[in-house]
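First comes the structure, then the notes that go with it.
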Amino acid sequence: MTMTDWSKQLFDDLVEAGVTLFSYVPDAGNKKLIEHVSARNDTTAVLLTTEEEGVAICAGADLVGRRSVVCMQSSGVGNVPNFLSFVKGGNFPILMIVSMRGDYGEQNPWQYPMGQAVEPILTAMGVGIVKVDSLDDLRPATQAALSAVFAAGQSTAIVLTQRFLGAKQF
Amino acid sequence: MRQATLDRRDVLARIFPNPERYLFISGLAGPARDTAGLTNDGANTFTMAGAMGAATTVGLGVALSAPDRKVAVVTGDGELLMNIGSLVTVASMAPPNLTIVCIDNGCHGETGGQTGHTSRTANLEQIARGAGIASSSVVETEADLDKAAAFLEEMPGPRFIQVRVTDGPPTSYKRNFNMAECRIRFRTAALNTAGG
């Protein structure tokens with residue numbers, strides 16, 4: 001498999017696990033994933049105005065027994081902590097996909113503060129982290145996250161690092 | 001702007017004469033008490049006591065995931081304004097089974113009655129309409145309230161109703177604050193109940 005179709009593998013694994021509702025704030029890291037969602041009739045893409053809406057949508061889907069994921073850039077993690085109250089407070093199973101900026105190879109200084117805050121914020125709010133640094137990591141990390149969230153009820157973020165995604169060039 | 005006259009404790013039962021037909025999601029504080037009072041904090045009700053701003057998009061998640069159920073969000077003016085963009089997201093997805101009722105008392109009643117934006121310049125019904133929710137209305141008189149239930153039945157969803165009320169107290173109701181218990185209660189009932 002080449003680097004160009006990893007989004008399809010990720011999408012297929014999520015769908016196989018029963019995820020049907022994909023909410024997102026657009027990012028280069030989730031562009032192709034959302035294109036796969038939009039191309040099918042049995043999966044739904046929800047364009048958000050801000051990332052915390054997606055956490056709430058995951059909670060709402062769970063309330064009626066459906067599985068959802070929220071996709072965002074690392075900067076968006078800074079928008080979600082209050083809504084992640086659903087995790088510790090209610091054991092809601094929240095699955096997140098975070099595409100990193102502000103880590104390995106980043107050239108934009110504005111991205112570093114939130115890039116460095118992703119792990120402490122998620123940890124503080126009770127969300128586990130599985131990192132993807134390479135293509136070989138992707139499938140096992142996805143399966144680990146799906147098991148944690150939907151089998152064990154432990155909210156988890158799949159963090160796609162810039163070692164995996166590559167750094168944006170300016 | 002017309003002086004608000006409606007008592008918030010009276011409005012939900014008029015808008016939802018058959019609350020058992022709905023799944024209710026309510027935002028924190030007064031709207032949660034009013035909603036719990038309406039349904040006797042029943043299993044079709046998930047009220048919040050935190051995560052201010054989340055009610056509308058939790059309701060959207062429910063509505064998109066259970067398209068055969070009627071879903072109602074009950075929020076307040078402060079809660080809605082904290083994530084006002086959620087109206088844009090709702091309009092964009094256009095779930096026909098979702099209704100949003102905003103109990104607008106023009107102030108932050110839970111924290112001491114401080115003046116809110118809707119007492120100054122913000123018009124929530126116009127914002128909802130501008131977001132793209134065509135079935136939007138304002139309820140501020142008894143006559144408006146008489147028509148509200150029919151509005152829900154007749155107008156295509158998603159729907160938005162701004163209910164302008166006085167700054168008096170919400171319904172006195174001591175609801176369950178245990179989020180995990182309320183999740184299980186709602187989820188079990190929703191999964192065991194046929195649509196309709």
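Chain labels follow the order of the structure tokens: the first chain is A, the next B, and so on; residue numbering restarts at 1 in every chain, and ligands are counted from 1 in their shown order.
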Give me, as CSV, each residue of chain A that comes within 8 Å of chain B, together with its shortest interatomic pair and the distance in Å at one decimal, counting only C-alpha atoms, with rows ordered by chain and rising residue number.
residue,atom,partner,partner_atom,distance
A:Leu21,CA,B:Ser65,CA,7.9
A:Val46,CA,B:Met93,CA,7.0
A:Leu47,CA,B:Thr89,CA,6.7
A:Leu48,CA,B:Thr89,CA,5.8
A:Thr49,CA,B:Gly85,CA,5.8
A:Thr50,CA,B:Gly85,CA,7.6
A:Glu52,CA,B:Ala54,CA,7.9
A:Glu53,CA,B:Thr57,CA,5.6
A:Gly54,CA,B:Thr57,CA,7.5
A:Ala56,CA,B:Val58,CA,4.6
A:Ile57,CA,B:Gly61,CA,4.0
A:Cys58,CA,B:Gly61,CA,6.5
A:Ala59,CA,B:Val58,CA,6.1
A:Gly60,CA,B:Gly61,CA,4.3
A:Ala61,CA,B:Gly61,CA,4.8
A:Asp62,CA,B:Arg187,CA,7.5
A:Leu63,CA,B:Arg187,CA,4.8
A:Val64,CA,B:Arg187,CA,5.5
A:Gly65,CA,B:Arg187,CA,6.7
A:Arg66,CA,B:Ser65,CA,6.2
A:Asn82,CA,B:Ala51,CA,5.5
A:Phe83,CA,B:Ala51,CA,5.0
A:Leu84,CA,B:Ala51,CA,7.9
A:Ser85,CA,B:Ala51,CA,6.5
A:Phe86,CA,B:Met179,CA,7.8
A:Gly89,CA,B:Met179,CA,5.9
A:Gly90,CA,B:Ala180,CA,3.8
A:Asn91,CA,B:Ala180,CA,6.0
A:Phe92,CA,B:Ala180,CA,7.8
So that I can check the surroundings of Asp144 (chain B), please list as JSON, numbers by chain every protein, DNA and RNA residue that reaches within 12 Å of it, counting only C-alpha atoms and ignoring chain neighbours fewer than 5 positions away. {"B": [5, 6, 11, 14, 15, 137, 138, 139, 149, 150, 151, 161, 162, 163, 164]}
Within 12 Å of Trp6 (chain A) using only C-alpha atoms, minus same-chain residues under 3 positions, as an MDAnalysis selection string: chainID A and resid 1:3 9:13 29:33 36 132 134:139 142 160 164:165
Give me every helix (DSSP H, G or I) residue in region 2-182 of chain B, going by DSSP on the backbone, as number ranges by chain. B: 8-15, 19-21, 30-39, 55-65, 77-82, 85-93, 109-111, 117-119, 124-131, 142-154, 179-182
Select, from B:Thr45, B:Asn18, B:Asn105, B:Thr111, the residue with the minimum atom-to-atom distance to Glu140 (chain B), counting only C-alpha atoms.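 Looking at the shortest contact to Glu140 (chain B), the residue is B:Asn105.
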Distance query Thr44 (chain A) at most 7 Å, only C-alpha atoms, self and fewer than 2 positions along chain excluded, as a list in words: Thr20, Leu21, Phe22, Val37, Ser38, Asp42 and Val46 of chain A
Which residues in chain A does DSSP call strand (DSSP E)? List them as an NGL selection string. :A and (19-24 or 44-47 or 67-73 or 95-99 or 128-132 or 156-160)
Take the residues from that selection and write them out as a compact mmCIF listing (two decimals), in the first residue's frame, keeping N, CA and C atoms.
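Output file result_12.txt is given in full below:
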# COMPACT_ATOMS: atom_id res chain seq x y z
N VAL A 19 -18.85 2.42 12.49
CA VAL A 19 -18.91 3.88 12.53
C VAL A 19 -19.62 4.38 11.27
N THR A 20 -20.66 5.17 11.45
CA THR A 20 -21.41 5.67 10.29
C THR A 20 -21.44 7.19 10.20
N LEU A 21 -21.18 7.85 11.32
CA LEU A 21 -21.31 9.31 11.38
C LEU A 21 -19.93 9.92 11.60
N PHE A 22 -19.47 10.70 10.62
CA PHE A 22 -18.13 11.29 10.66
C PHE A 22 -18.28 12.81 10.68
N SER A 23 -17.95 13.43 11.80
CA SER A 23 -18.01 14.89 11.83
C SER A 23 -16.58 15.44 11.75
N TYR A 24 -16.46 16.65 11.22
CA TYR A 24 -15.11 17.14 10.96
C TYR A 24 -15.08 18.65 10.81
N THR A 44 -22.26 9.20 6.81
CA THR A 44 -22.65 10.61 6.78
C THR A 44 -21.50 11.49 7.26
N ALA A 45 -21.23 12.53 6.50
CA ALA A 45 -20.22 13.52 6.90
C ALA A 45 -20.92 14.76 7.43
N VAL A 46 -20.50 15.25 8.58
CA VAL A 46 -21.08 16.43 9.20
C VAL A 46 -20.02 17.52 9.28
N LEU A 47 -20.18 18.54 8.49
CA LEU A 47 -19.26 19.68 8.54
C LEU A 47 -19.58 20.52 9.77
N ARG A 67 -22.51 4.71 16.33
CA ARG A 67 -21.08 5.00 16.50
C ARG A 67 -20.65 6.14 15.60
N SER A 68 -19.89 7.05 16.18
CA SER A 68 -19.51 8.27 15.49
C SER A 68 -18.05 8.59 15.80
N VAL A 69 -17.43 9.36 14.92
CA VAL A 69 -16.05 9.81 15.13
C VAL A 69 -15.99 11.29 14.79
N VAL A 70 -15.14 12.03 15.51
CA VAL A 70 -14.93 13.44 15.19
C VAL A 70 -13.48 13.62 14.75
N CYS A 71 -13.30 14.30 13.61
CA CYS A 71 -11.98 14.47 12.99
C CYS A 71 -11.58 15.94 13.04
N MET A 72 -10.37 16.19 13.44
CA MET A 72 -9.93 17.59 13.59
C MET A 72 -8.42 17.70 13.47
N GLN A 73 -7.97 18.92 13.19
CA GLN A 73 -6.55 19.24 13.30
C GLN A 73 -6.19 19.44 14.78
N LEU A 95 -14.66 8.88 20.15
CA LEU A 95 -13.53 8.54 19.27
C LEU A 95 -13.15 9.78 18.48
N MET A 96 -11.86 10.12 18.56
CA MET A 96 -11.37 11.31 17.86
C MET A 96 -10.24 10.90 16.90
N ILE A 97 -10.15 11.61 15.79
CA ILE A 97 -8.97 11.50 14.92
C ILE A 97 -8.35 12.89 14.85
N VAL A 98 -7.11 12.98 15.29
CA VAL A 98 -6.42 14.28 15.35
C VAL A 98 -5.25 14.24 14.38
N SER A 99 -5.28 15.12 13.38
CA SER A 99 -4.14 15.23 12.48
C SER A 99 -3.25 16.36 12.98
N GLY A 128 -7.69 8.75 26.04
CA GLY A 128 -6.45 8.04 25.74
C GLY A 128 -5.92 8.41 24.37
N ILE A 129 -4.65 8.10 24.11
CA ILE A 129 -4.01 8.49 22.85
C ILE A 129 -3.34 7.27 22.23
N VAL A 130 -3.60 7.02 20.95
CA VAL A 130 -2.78 6.08 20.18
C VAL A 130 -2.18 6.85 19.02
N LYS A 131 -0.86 6.77 18.92
CA LYS A 131 -0.15 7.56 17.91
C LYS A 131 0.12 6.73 16.67
N VAL A 132 0.06 7.43 15.54
CA VAL A 132 0.43 6.82 14.27
C VAL A 132 1.63 7.59 13.73
N THR A 156 -10.85 7.67 23.18
CA THR A 156 -9.49 7.60 22.62
C THR A 156 -9.38 8.49 21.39
N ALA A 157 -8.19 9.08 21.25
CA ALA A 157 -7.86 9.84 20.05
C ALA A 157 -6.79 9.10 19.26
N ILE A 158 -7.05 8.90 17.97
CA ILE A 158 -6.02 8.43 17.06
C ILE A 158 -5.26 9.68 16.59
N VAL A 159 -4.00 9.77 16.96
CA VAL A 159 -3.22 10.96 16.65
C VAL A 159 -2.29 10.65 15.47
N LEU A 160 -2.58 11.30 14.35
CA LEU A 160 -1.77 11.13 13.15
C LEU A 160 -0.65 12.18 13.19
Close residues, Gly168 (chain B) itself excluded, 10 Å, only C-alpha atoms, min 3 positions apart in chain, as a ChimeraX atom specification: /B:6-9,105,109,113,165,171
CA of Thr118 (chain B) to CA of Gly106 (chain B): how many Å, to one decimal?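 CA of Thr118 (chain B) sits 5.1 Å away from CA of Gly106 (chain B).
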Between CA of His108 (chain B) and CA of Leu28 (chain B), what is the distance, to one decimal in Å?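 Distance reported for this atom pair: 11.3 Å.
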Close residues, Asp103 (chain A) itself excluded, 8 Å, only C-alpha atoms, min 3 positions apart in chain, as a list in words: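 Listing them by chain and then by number gives Met100, Glu106, Tyr112, Gly115, Gln116, Thr161 and Gln162 of chain A.
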Atoms kept (N, CA and C atoms) for selection, written as a compact mmCIF listing (two decimals), in the first residue's frame:
# COMPACT_ATOMS: atom_id res chain seq x y z
N MET A 100 -1.99 16.02 13.23
CA MET A 100 -1.11 16.94 13.93
C MET A 100 -0.56 18.06 13.05
N GLU A 106 7.48 21.03 11.67
CA GLU A 106 6.59 22.18 11.48
C GLU A 106 7.38 23.46 11.25
N TYR A 112 2.83 25.60 16.98
CA TYR A 112 3.51 24.87 18.06
C TYR A 112 2.78 24.87 19.40
N GLY A 115 0.03 22.36 19.20
CA GLY A 115 0.61 21.05 18.90
C GLY A 115 1.18 20.41 20.16
N GLN A 116 1.85 21.24 20.97
CA GLN A 116 2.46 20.72 22.19
C GLN A 116 1.44 20.49 23.30
N THR A 161 0.58 11.74 13.43
CA THR A 161 1.67 12.68 13.64
C THR A 161 2.22 13.19 12.31
N GLN A 162 3.04 14.21 12.41
CA GLN A 162 3.67 14.74 11.19
C GLN A 162 4.80 13.83 10.69
Rounded to one decimal, what separation in Å do you get between CA of Val73 (chain B) and CA of Cys102 (chain B)?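 For CA of Val73 (chain B) relative to CA of Cys102 (chain B), the distance reads 8.1 Å.
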Tell me, as a list in words, which residues lie within 10 Å of Ala152 (chain A), counting only C-alpha atoms; anything in the same chain fewer than 6 positions away does not count.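 Answer for this query is Pro93, Ala145 and Leu146 of chain A.
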Same residues, N, CA and C atoms, saved as a PDB file, in the first residue's frame:
ATOM      1  N   PRO A  93     -18.434   7.081  25.075  1.00  0.00           N
ATOM      2  CA  PRO A  93     -17.298   6.615  24.282  1.00  0.00           C
ATOM      3  C   PRO A  93     -17.016   7.565  23.113  1.00  0.00           C
ATOM      4  N   ALA A 145      -7.670   1.661  19.042  1.00  0.00           N
ATOM      5  CA  ALA A 145      -8.596   2.735  19.417  1.00  0.00           C
ATOM      6  C   ALA A 145     -10.044   2.249  19.385  1.00  0.00           C
ATOM      7  N   LEU A 146     -10.393   1.495  18.356  1.00  0.00           N
ATOM      8  CA  LEU A 146     -11.767   0.984  18.253  1.00  0.00           C
ATOM      9  C   LEU A 146     -12.099   0.059  19.422  1.00  0.00           C
TER      10      LEU A 146
END
